[in-house]
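Colleague: One file is attached below, work-v4.cif, containing mmCIF, C-alpha atoms; chains and numbers go by the auth columns.
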data_final
#
loop_
_atom_site.group_PDB
_atom_site.id
_atom_site.type_symbol
_atom_site.label_atom_id
_atom_site.label_comp_id
_atom_site.label_asym_id
_atom_site.label_seq_id
_atom_site.Cartn_x
_atom_site.Cartn_y
_atom_site.Cartn_z
_atom_site.B_iso_or_equiv
_atom_site.auth_seq_id
_atom_site.auth_asym_id
ATOM 1 C CA MET A 1 11.355 8.832 10.921 0.00 1 A
ATOM 2 C CA PRO A 2 13.059 7.172 7.948 0.00 2 A
ATOM 3 C CA PHE A 3 13.310 3.407 7.532 0.00 3 A
ATOM 4 C CA ASN A 4 16.807 2.145 6.779 0.00 4 A
ATOM 5 C CA LYS A 5 17.026 -0.776 4.362 0.00 5 A
ATOM 6 C CA ILE A 6 19.107 -3.611 5.796 0.00 6 A
ATOM 7 C CA ASN A 7 18.772 -5.537 2.535 0.00 7 A
ATOM 8 C CA ASN A 8 16.103 -5.975 -0.144 0.00 8 A
ATOM 9 C CA LYS A 9 13.807 -7.812 2.266 0.00 9 A
ATOM 10 C CA MET A 10 14.366 -6.119 5.631 0.00 10 A
ATOM 11 C CA VAL A 11 14.110 -2.573 6.979 0.00 11 A
ATOM 12 C CA GLU A 12 15.064 -1.041 10.308 0.00 12 A
ATOM 13 C CA ALA A 13 13.295 1.728 12.239 0.00 13 A
ATOM 14 C CA GLN A 14 15.084 3.832 14.877 0.00 14 A
ATOM 15 C CA LEU A 15 12.490 4.597 17.573 0.00 15 A
ATOM 16 C CA LEU A 16 12.778 7.472 20.017 0.00 16 A
ATOM 17 C CA PRO A 17 10.510 8.140 23.026 0.00 17 A
ATOM 18 C CA GLY A 18 7.246 9.715 21.890 0.00 18 A
ATOM 19 C CA GLN A 19 7.471 8.233 18.394 0.00 19 A
ATOM 20 C CA LYS A 20 5.500 5.290 17.061 0.00 20 A
ATOM 21 C CA VAL A 21 5.371 3.015 14.048 0.00 21 A
ATOM 22 C CA PHE A 22 2.459 0.986 12.729 0.00 22 A
ATOM 23 C CA SER A 23 3.261 -2.375 11.155 0.00 23 A
ATOM 24 C CA GLN A 24 1.562 -5.541 10.038 0.00 24 A
ATOM 25 C CA ARG A 25 1.205 -7.974 12.903 0.00 25 A
ATOM 26 C CA GLY A 26 3.920 -10.584 12.753 0.00 26 A
ATOM 27 C CA ALA A 27 6.253 -8.336 10.737 0.00 27 A
ATOM 28 C CA MET A 28 8.731 -7.730 13.583 0.00 28 A
ATOM 29 C CA LEU A 29 11.877 -9.806 13.024 0.00 29 A
ATOM 30 C CA ALA A 30 14.117 -8.531 15.834 0.00 30 A
ATOM 31 C CA TYR A 31 14.681 -5.496 18.021 0.00 31 A
ATOM 32 C CA THR A 32 17.055 -3.932 20.519 0.00 32 A
ATOM 33 C CA GLY A 33 16.257 -1.544 23.355 0.00 33 A
ATOM 34 C CA GLU A 34 13.027 -0.973 25.285 0.00 34 A
ATOM 35 C CA VAL A 35 10.250 -1.463 22.740 0.00 35 A
ATOM 36 C CA SER A 36 6.577 -2.394 23.164 0.00 36 A
ATOM 37 C CA PHE A 37 4.213 -3.993 20.651 0.00 37 A
ATOM 38 C CA THR A 38 0.465 -3.481 21.030 0.00 38 A
ATOM 39 C CA PRO A 39 -2.292 -4.920 18.803 0.00 39 A
ATOM 40 C CA ASN A 40 -4.103 -2.016 17.148 0.00 40 A
ATOM 41 C CA VAL A 41 -7.848 -2.678 17.013 0.00 41 A
ATOM 42 C CA MET A 42 -8.712 0.769 15.643 0.00 42 A
ATOM 43 C CA GLY A 43 -7.186 0.374 12.183 0.00 43 A
ATOM 44 C CA GLY A 44 -4.063 2.459 12.807 0.00 44 A
ATOM 45 C CA GLN A 45 -4.634 6.171 12.261 0.00 45 A
ATOM 46 C CA GLY A 46 -7.803 5.448 10.275 0.00 46 A
ATOM 47 C CA GLY A 47 -9.954 5.016 13.368 0.00 47 A
ATOM 48 C CA VAL A 48 -13.264 3.225 13.755 0.00 48 A
ATOM 49 C CA ILE A 49 -14.648 4.140 10.312 0.00 49 A
ATOM 50 C CA SER A 50 -11.568 2.714 8.608 0.00 50 A
ATOM 51 C CA MET A 51 -11.800 -0.478 10.641 0.00 51 A
ATOM 52 C CA ILE A 52 -15.538 -1.000 10.050 0.00 52 A
ATOM 53 C CA GLY A 53 -15.277 -0.363 6.311 0.00 53 A
ATOM 54 C CA ARG A 54 -12.545 -2.923 5.890 0.00 54 A
ATOM 55 C CA ARG A 55 -14.167 -5.552 8.075 0.00 55 A
ATOM 56 C CA VAL A 56 -17.488 -5.258 6.241 0.00 56 A
ATOM 57 C CA ALA A 57 -15.608 -5.954 3.001 0.00 57 A
ATOM 58 C CA ASN A 58 -13.465 -8.645 4.687 0.00 58 A
ATOM 59 C CA GLU A 59 -10.331 -6.646 3.825 0.00 59 A
ATOM 60 C CA ASP A 60 -9.032 -5.939 7.308 0.00 60 A
ATOM 61 C CA THR A 61 -5.243 -6.273 7.713 0.00 61 A
ATOM 62 C CA PRO A 62 -4.347 -6.382 11.445 0.00 62 A
ATOM 63 C CA LEU A 63 -1.848 -3.765 12.589 0.00 63 A
ATOM 64 C CA MET A 64 0.264 -3.361 15.681 0.00 64 A
ATOM 65 C CA THR A 65 1.572 -0.188 17.304 0.00 65 A
ATOM 66 C CA VAL A 66 5.310 -0.151 17.982 0.00 66 A
ATOM 67 C CA GLU A 67 6.627 2.338 20.589 0.00 67 A
ATOM 68 C CA GLY A 68 9.639 2.856 22.824 0.00 68 A
ATOM 69 C CA HIS A 69 13.355 3.521 22.458 0.00 69 A
ATOM 70 C CA GLY A 70 15.418 1.246 20.283 0.00 70 A
ATOM 71 C CA LYS A 71 15.830 -0.315 16.845 0.00 71 A
ATOM 72 C CA VAL A 72 13.232 -2.600 15.265 0.00 72 A
ATOM 73 C CA MET A 73 13.750 -4.767 12.194 0.00 73 A
ATOM 74 C CA PHE A 74 10.760 -5.542 9.955 0.00 74 A
ATOM 75 C CA GLY A 75 10.160 -8.031 7.150 0.00 75 A
ATOM 76 C CA HIS A 76 7.390 -10.386 6.095 0.00 76 A
ATOM 77 C CA GLY A 77 7.128 -13.542 4.014 0.00 77 A
ATOM 78 C CA GLY A 78 10.478 -12.972 2.327 0.00 78 A
ATOM 79 C CA HIS A 79 8.908 -10.271 0.131 0.00 79 A
ATOM 80 C CA ASN A 80 10.992 -7.497 -1.360 0.00 80 A
ATOM 81 C CA VAL A 81 10.656 -4.199 0.496 0.00 81 A
ATOM 82 C CA GLN A 82 10.579 -0.684 -0.945 0.00 82 A
ATOM 83 C CA VAL A 83 10.854 2.446 1.219 0.00 83 A
ATOM 84 C CA ILE A 84 8.821 5.460 0.075 0.00 84 A
ATOM 85 C CA ASP A 85 9.405 8.855 1.691 0.00 85 A
ATOM 86 C CA LEU A 86 6.429 11.226 1.730 0.00 86 A
ATOM 87 C CA THR A 87 7.024 14.973 1.952 0.00 87 A
ATOM 88 C CA GLY A 88 3.511 16.312 2.412 0.00 88 A
ATOM 89 C CA ASP A 89 1.982 14.342 -0.451 0.00 89 A
ATOM 90 C CA THR A 90 -0.364 11.341 -0.554 0.00 90 A
ATOM 91 C CA LEU A 91 0.279 7.638 -1.114 0.00 91 A
ATOM 92 C CA TYR A 92 -2.433 5.168 -2.132 0.00 92 A
ATOM 93 C CA VAL A 93 -1.535 1.556 -1.368 0.00 93 A
ATOM 94 C CA GLU A 94 -3.306 -1.723 -0.645 0.00 94 A
ATOM 95 C CA ALA A 95 -3.390 -2.605 3.052 0.00 95 A
ATOM 96 C CA ASP A 96 -1.783 -6.011 2.508 0.00 96 A
ATOM 97 C CA ARG A 97 1.149 -4.279 0.755 0.00 97 A
ATOM 98 C CA LEU A 98 1.966 -2.222 3.859 0.00 98 A
ATOM 99 C CA LEU A 99 4.826 -3.609 5.902 0.00 99 A
ATOM 100 C CA ALA A 100 5.227 -0.618 8.229 0.00 100 A
ATOM 101 C CA PHE A 101 4.725 3.143 8.235 0.00 101 A
ATOM 102 C CA ASP A 102 5.619 6.175 10.281 0.00 102 A
ATOM 103 C CA GLY A 103 3.116 6.987 13.026 0.00 103 A
ATOM 104 C CA SER A 104 3.255 10.663 12.036 0.00 104 A
ATOM 105 C CA LEU A 105 1.404 9.883 8.796 0.00 105 A
ATOM 106 C CA GLN A 106 -2.364 10.261 8.671 0.00 106 A
ATOM 107 C CA GLN A 107 -4.048 7.039 7.597 0.00 107 A
ATOM 108 C CA SER A 108 -7.516 6.768 6.082 0.00 108 A
ATOM 109 C CA THR A 109 -9.505 4.381 3.915 0.00 109 A
ATOM 110 C CA MET A 110 -10.742 5.275 0.437 0.00 110 A
ATOM 111 C CA PHE A 111 -13.656 3.514 -1.240 0.00 111 A
ATOM 112 C CA MET A 112 -12.614 2.511 -4.769 0.00 112 A
ATOM 113 C CA GLY A 113 -15.777 4.070 -6.209 0.00 113 A
ATOM 114 C CA GLN A 114 -14.443 7.490 -5.197 0.00 114 A
ATOM 115 C CA GLN A 115 -11.708 7.190 -7.812 0.00 115 A
ATOM 116 C CA GLY A 116 -13.000 5.784 -11.059 0.00 116 A
ATOM 117 C CA GLY A 117 -16.696 5.407 -10.221 0.00 117 A
ATOM 118 C CA VAL A 118 -18.201 2.088 -11.243 0.00 118 A
ATOM 119 C CA MET A 119 -15.018 1.090 -13.043 0.00 119 A
ATOM 120 C CA GLY A 120 -13.112 1.767 -9.839 0.00 120 A
ATOM 121 C CA ILE A 121 -15.298 -0.792 -8.089 0.00 121 A
ATOM 122 C CA VAL A 122 -14.936 -3.212 -10.992 0.00 122 A
ATOM 123 C CA ARG A 123 -11.162 -2.746 -10.851 0.00 123 A
ATOM 124 C CA GLY A 124 -11.109 -3.603 -7.156 0.00 124 A
ATOM 125 C CA GLN A 125 -13.180 -6.744 -7.603 0.00 125 A
ATOM 126 C CA VAL A 126 -11.689 -8.042 -10.850 0.00 126 A
ATOM 127 C CA THR A 127 -8.047 -7.516 -9.880 0.00 127 A
ATOM 128 C CA GLY A 128 -8.471 -8.848 -6.352 0.00 128 A
ATOM 129 C CA GLN A 129 -7.621 -5.475 -4.789 0.00 129 A
ATOM 130 C CA GLY A 130 -10.985 -5.281 -3.070 0.00 130 A
ATOM 131 C CA LEU A 131 -13.342 -2.342 -2.532 0.00 131 A
ATOM 132 C CA PHE A 132 -11.042 -0.265 -0.329 0.00 132 A
ATOM 133 C CA THR A 133 -7.507 1.096 -0.539 0.00 133 A
ATOM 134 C CA THR A 134 -5.330 2.714 2.122 0.00 134 A
ATOM 135 C CA LYS A 135 -4.454 6.409 1.911 0.00 135 A
ATOM 136 C CA LEU A 136 -1.439 7.855 3.754 0.00 136 A
ATOM 137 C CA ASP A 137 -0.840 11.616 3.997 0.00 137 A
ATOM 138 C CA GLY A 138 1.867 13.822 5.492 0.00 138 A
ATOM 139 C CA HIS A 139 5.585 13.679 6.143 0.00 139 A
ATOM 140 C CA GLY A 140 7.155 10.324 6.915 0.00 140 A
ATOM 141 C CA SER A 141 8.289 6.975 5.549 0.00 141 A
ATOM 142 C CA VAL A 142 6.373 3.942 4.336 0.00 142 A
ATOM 143 C CA ALA A 143 7.749 0.442 3.761 0.00 143 A
ATOM 144 C CA VAL A 144 5.756 -1.516 1.172 0.00 144 A
ATOM 145 C CA MET A 145 6.105 -5.128 0.037 0.00 145 A
ATOM 146 C CA ALA A 146 6.226 -6.566 -3.453 0.00 146 A
ATOM 147 C CA HIS A 147 7.238 -9.634 -5.443 0.00 147 A
ATOM 148 C CA GLY A 148 10.515 -9.349 -7.313 0.00 148 A
ATOM 149 C CA GLY A 149 11.284 -5.767 -6.410 0.00 149 A
ATOM 150 C CA VAL A 150 9.708 -2.432 -7.331 0.00 150 A
ATOM 151 C CA PHE A 151 10.412 0.128 -10.023 0.00 151 A
ATOM 152 C CA GLU A 152 9.027 3.660 -10.298 0.00 152 A
ATOM 153 C CA LEU A 153 7.355 5.158 -13.361 0.00 153 A
ATOM 154 C CA PRO A 154 6.741 8.931 -13.513 0.00 154 A
ATOM 155 C CA ILE A 155 3.298 10.179 -14.514 0.00 155 A
ATOM 156 C CA GLY A 156 3.138 13.596 -16.169 0.00 156 A
ATOM 157 C CA PRO A 157 0.593 15.803 -17.952 0.00 157 A
ATOM 158 C CA GLY A 158 -0.280 14.181 -21.256 0.00 158 A
ATOM 159 C CA GLN A 159 1.839 11.139 -20.360 0.00 159 A
ATOM 160 C CA PRO A 160 -0.431 8.539 -18.730 0.00 160 A
ATOM 161 C CA VAL A 161 1.041 5.226 -17.647 0.00 161 A
ATOM 162 C CA HIS A 162 -0.661 1.884 -18.322 0.00 162 A
ATOM 163 C CA VAL A 163 0.014 -0.876 -15.797 0.00 163 A
ATOM 164 C CA ASP A 164 -1.040 -4.487 -15.494 0.00 164 A
ATOM 165 C CA PRO A 165 -3.400 -4.356 -12.477 0.00 165 A
ATOM 166 C CA GLN A 166 -1.732 -7.408 -10.936 0.00 166 A
ATOM 167 C CA ALA A 167 1.662 -5.667 -11.031 0.00 167 A
ATOM 168 C CA TYR A 168 0.394 -2.420 -9.457 0.00 168 A
ATOM 169 C CA VAL A 169 1.707 -1.732 -5.942 0.00 169 A
ATOM 170 C CA ALA A 170 0.945 1.908 -5.110 0.00 170 A
ATOM 171 C CA HIS A 171 0.880 5.438 -6.472 0.00 171 A
ATOM 172 C CA ARG A 172 1.432 8.941 -5.150 0.00 172 A
ATOM 173 C CA GLY A 173 0.638 12.479 -6.201 0.00 173 A
ATOM 174 C CA GLN A 174 -2.315 14.033 -7.997 0.00 174 A
ATOM 175 C CA VAL A 175 -3.223 10.948 -9.986 0.00 175 A
ATOM 176 C CA THR A 176 -6.478 9.611 -11.378 0.00 176 A
ATOM 177 C CA ASN A 177 -6.676 5.912 -12.137 0.00 177 A
ATOM 178 C CA LYS A 178 -9.196 3.930 -14.109 0.00 178 A
ATOM 179 C CA LEU A 179 -9.569 0.378 -15.379 0.00 179 A
ATOM 180 C CA SER A 180 -9.823 -0.106 -19.117 0.00 180 A
ATOM 181 C CA SER A 181 -10.247 -3.235 -21.173 0.00 181 A
ATOM 182 C CA ALA A 182 -9.360 -4.221 -24.696 0.00 182 A
ATOM 183 C CA LEU A 183 -12.284 -6.652 -24.598 0.00 183 A
ATOM 184 C CA GLY A 184 -16.030 -6.230 -24.633 0.00 184 A
ATOM 185 C CA TRP A 185 -18.127 -6.750 -21.520 0.00 185 A
ATOM 186 C CA ARG A 186 -19.132 -10.247 -22.621 0.00 186 A
ATOM 187 C CA ASP A 187 -15.479 -11.214 -22.981 0.00 187 A
ATOM 188 C CA MET A 188 -14.606 -9.758 -19.549 0.00 188 A
ATOM 189 C CA VAL A 189 -16.714 -12.295 -17.649 0.00 189 A
ATOM 190 C CA GLY A 190 -14.505 -14.800 -15.890 0.00 190 A
ATOM 191 C CA ARG A 191 -11.258 -13.008 -16.684 0.00 191 A
ATOM 192 C CA GLY A 192 -9.419 -11.843 -13.575 0.00 192 A
ATOM 193 C CA SER A 193 -5.948 -10.991 -14.882 0.00 193 A
ATOM 194 C CA GLY A 194 -3.808 -10.685 -17.959 0.00 194 A
ATOM 195 C CA GLU A 195 -3.477 -8.075 -20.664 0.00 195 A
ATOM 196 C CA ALA A 196 -7.258 -7.965 -21.161 0.00 196 A
ATOM 197 C CA PHE A 197 -7.214 -5.304 -18.415 0.00 197 A
ATOM 198 C CA GLN A 198 -5.060 -2.228 -18.087 0.00 198 A
ATOM 199 C CA LEU A 199 -4.843 0.264 -15.257 0.00 199 A
ATOM 200 C CA GLU A 200 -4.453 3.757 -16.689 0.00 200 A
ATOM 201 C CA LEU A 201 -2.945 6.377 -14.376 0.00 201 A
ATOM 202 C CA SER A 202 -2.928 10.019 -15.442 0.00 202 A
ATOM 203 C CA GLY A 203 -2.094 13.355 -13.831 0.00 203 A
ATOM 204 C CA HIS A 204 1.139 14.156 -12.016 0.00 204 A
ATOM 205 C CA GLY A 205 2.959 11.728 -9.724 0.00 205 A
ATOM 206 C CA VAL A 206 4.596 8.319 -9.566 0.00 206 A
ATOM 207 C CA VAL A 207 3.316 4.748 -9.815 0.00 207 A
ATOM 208 C CA TYR A 208 5.158 1.848 -8.143 0.00 208 A
ATOM 209 C CA VAL A 209 5.127 -1.411 -10.098 0.00 209 A
ATOM 210 C CA GLN A 210 6.377 -4.818 -9.007 0.00 210 A
ATOM 211 C CA ALA A 211 8.353 -7.144 -11.253 0.00 211 A
ATOM 212 C CA SER A 212 5.686 -9.838 -11.065 0.00 212 A
ATOM 213 C CA GLU A 213 1.979 -10.401 -11.654 0.00 213 A
ATOM 214 C CA GLU A 214 1.729 -12.493 -8.473 0.00 214 A
ATOM 215 C CA LYS A 215 -0.429 -11.233 -5.608 0.00 215 A
ATOM 216 C CA LEU A 216 0.897 -11.241 -2.046 0.00 216 A
#
Spit out the file's structure as structure tokens when you get a sec.

Modeller:
Amino acid sequence: MPFNKINNKMVEAQLLPGQKVFSQRGAMLAYTGEVSFTPNVMGGQGGVISMIGRRVANEDTPLMTVEGHGKVMFGHGGHNVQVIDLTGDTLYVEADRLLAFDGSLQQSTMFMGQQGGVMGIVRGQVTGQGLFTTKLDGHGSVAVMAHGGVFELPIGPGQPVHVDPQAYVAHRGQVTNKLSSALGWRDMVGRGSGEAFQLELSGHGVVYVQASEEKL
């Protein structure tokens, strides 16, 4: 089910019986038709393991399940919204960046150490992204939030992309990411942002970057 952009800060989902959408709690702005909203205590499609992992790390973002027959408008905090359509591939995105996503997508939680080892963990802690990231697989649409809008940068073989970690929003495809620093370990202490750190993404896919270094 695609999301239709109403403007840069609002999207609309057309719900049919038997379909569902997951969204951040409090993200519903208006709706028409017969629609129900239920707090989701199981972490969306990620289940109990997803929920426990995030709560242990204090990174749990409450979701609600939206079902019924009608149109629902979503937005949150006046943030810019970008719609990403998945066609059988995978999207990695921070939970607090997720505005809403198609219930047909499979959601899971990935430990940052699985992608980048120790530096993956360091990246999560230093950049404020935490120890976990959300993984969405399948066919469907995702609405993500960002400051100042989002632009896409392609990642190709032999053409890695370097991104300021604070400007990173999400990435998709067969991509490996790692945190690198132009400074020594002694210089890294106490530095949480800025050009001292770079997020290097390599492989084949797309990275979504916001036009700001401000966190949500």

Colleague: Taking only C-alpha atoms into account, which of A:Gln166, A:Ser202, A:Thr90, A:Asn80 comes nearest Val11 in chain A?

Modeller: A:Asn80

Colleague: So how far away is CA of Pro160 in chain A from CA of Val83 in chain A, in Å?

Modeller: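 So the two atoms, CA of Val83 in chain A and CA of Pro160 in chain A, lie 23.7 Å apart.
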
Colleague: Could you give me the axis-aligned bounding box of range 156-170 of chain A, with 3 Å of padding per side, as centre plus edge lengths in Å to one decimal, as AutoDock Vina command-line options?

Modeller:
--center_x -0.1 --center_y 4.2 --center_z -13.2 --size_x 12.5 --size_y 29.2 --size_z 22.1

Colleague: For Thr87 in chain A, which residue among A:His162, A:Arg172, A:Lys178, A:Lys135 is the nearest when counting only C-alpha atoms?

Modeller: A:Arg172

Colleague: Report the distance between CA of Glu67 in chain A and CA of Gly26 in chain A in Å, rounded to one decimal place.

Modeller: 15.4 Å

Colleague: Give as a ChimeraX atom specification the residues that the PyMOL selection byres ((chain A and resi 5) around 10) matches when applied to the coordinates above.

Modeller: /A:2-4,6-13,73-74,81-83,143

Colleague: Please write as a list in words the full residue list that the PyMOL selection byres ((chain A and resi 211) around 12) yields on this file.

Modeller: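 When the PyMOL selection byres ((chain A and resi 211) around 12) is applied, the selected residues are His79, Asn80, Met145, Ala146, His147, Gly148, Gly149, Val150, Phe151, Glu152, Val163, Asp164, Gln166, Ala167, Tyr168, Val169, Tyr208, Val209, Gln210, Ser212, Glu213, Glu214 and Lys215 of chain A.
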
Colleague: How many Å lie between CA of Gly70 in chain A and CA of Tyr92 in chain A, rounded to one decimal?

Modeller: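 About the pair CA of Gly70 in chain A and CA of Tyr92 in chain A: they are 28.9 Å apart.
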
Colleague: Using all atoms listed in the file, can you tell me which of A:Tyr31, A:Phe22, A:Phe197, A:Phe37 comes closest to Phe101 in chain A?

Modeller: A:Phe22

Colleague: Please enumerate the residues selected by the PyMOL selection byres ((chain A and resi 17-19) around 7) when evaluated against the supplied file, formatted as an MDAnalysis selection string.

Modeller: chainID A and resid 15:16 20 67:69

Colleague: Measuring atom to atom with only C-alpha atoms, identify which of A:His171, A:His204, A:His76, A:Arg97 is nearest to Ile155 in chain A.

Modeller: A:His204

Colleague: Between A:Leu98, A:Ser104, A:Ala27, A:Gln174, which has the minimum distance to Gly77 in chain A (counting only C-alpha atoms)?

Modeller: A:Ala27

Colleague: So that I can check the surroundings of Leu91 in chain A, please list as JSON, numbers by chain every protein, DNA and RNA residue that reaches within 9 Å of it, counting only C-alpha atoms and ignoring chain neighbours fewer than 3 positions away.

Modeller: {"A": [84, 86, 134, 135, 136, 137, 142, 170, 171, 172, 173]}

Colleague: Could you write those residues out with C-alpha atoms, as a PDB file, in the frame of the given file?

Modeller:
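And here is the file that came out, selection-v3.pdb:
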ATOM      1  CA  ILE A  84       8.821   5.460   0.075  1.00  0.00           C
ATOM      2  CA  LEU A  86       6.429  11.226   1.730  1.00  0.00           C
ATOM      3  CA  THR A 134      -5.330   2.714   2.122  1.00  0.00           C
ATOM      4  CA  LYS A 135      -4.454   6.409   1.911  1.00  0.00           C
ATOM      5  CA  LEU A 136      -1.439   7.855   3.754  1.00  0.00           C
ATOM      6  CA  ASP A 137      -0.840  11.616   3.997  1.00  0.00           C
ATOM      7  CA  VAL A 142       6.373   3.942   4.336  1.00  0.00           C
ATOM      8  CA  ALA A 170       0.945   1.908  -5.110  1.00  0.00           C
ATOM      9  CA  HIS A 171       0.880   5.438  -6.472  1.00  0.00           C
ATOM     10  CA  ARG A 172       1.432   8.941  -5.150  1.00  0.00           C
ATOM     11  CA  GLY A 173       0.638  12.479  -6.201  1.00  0.00           C
TER      12      GLY A 173
END

Colleague: Using only C-alpha atoms, find the one residue out of A:Leu99, A:Leu105, A:Val21, A:Val35 that sits nearest to Thr65 in chain A.

Modeller: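 Among the listed residues, A:Val21 lies closest to Thr65 in chain A.
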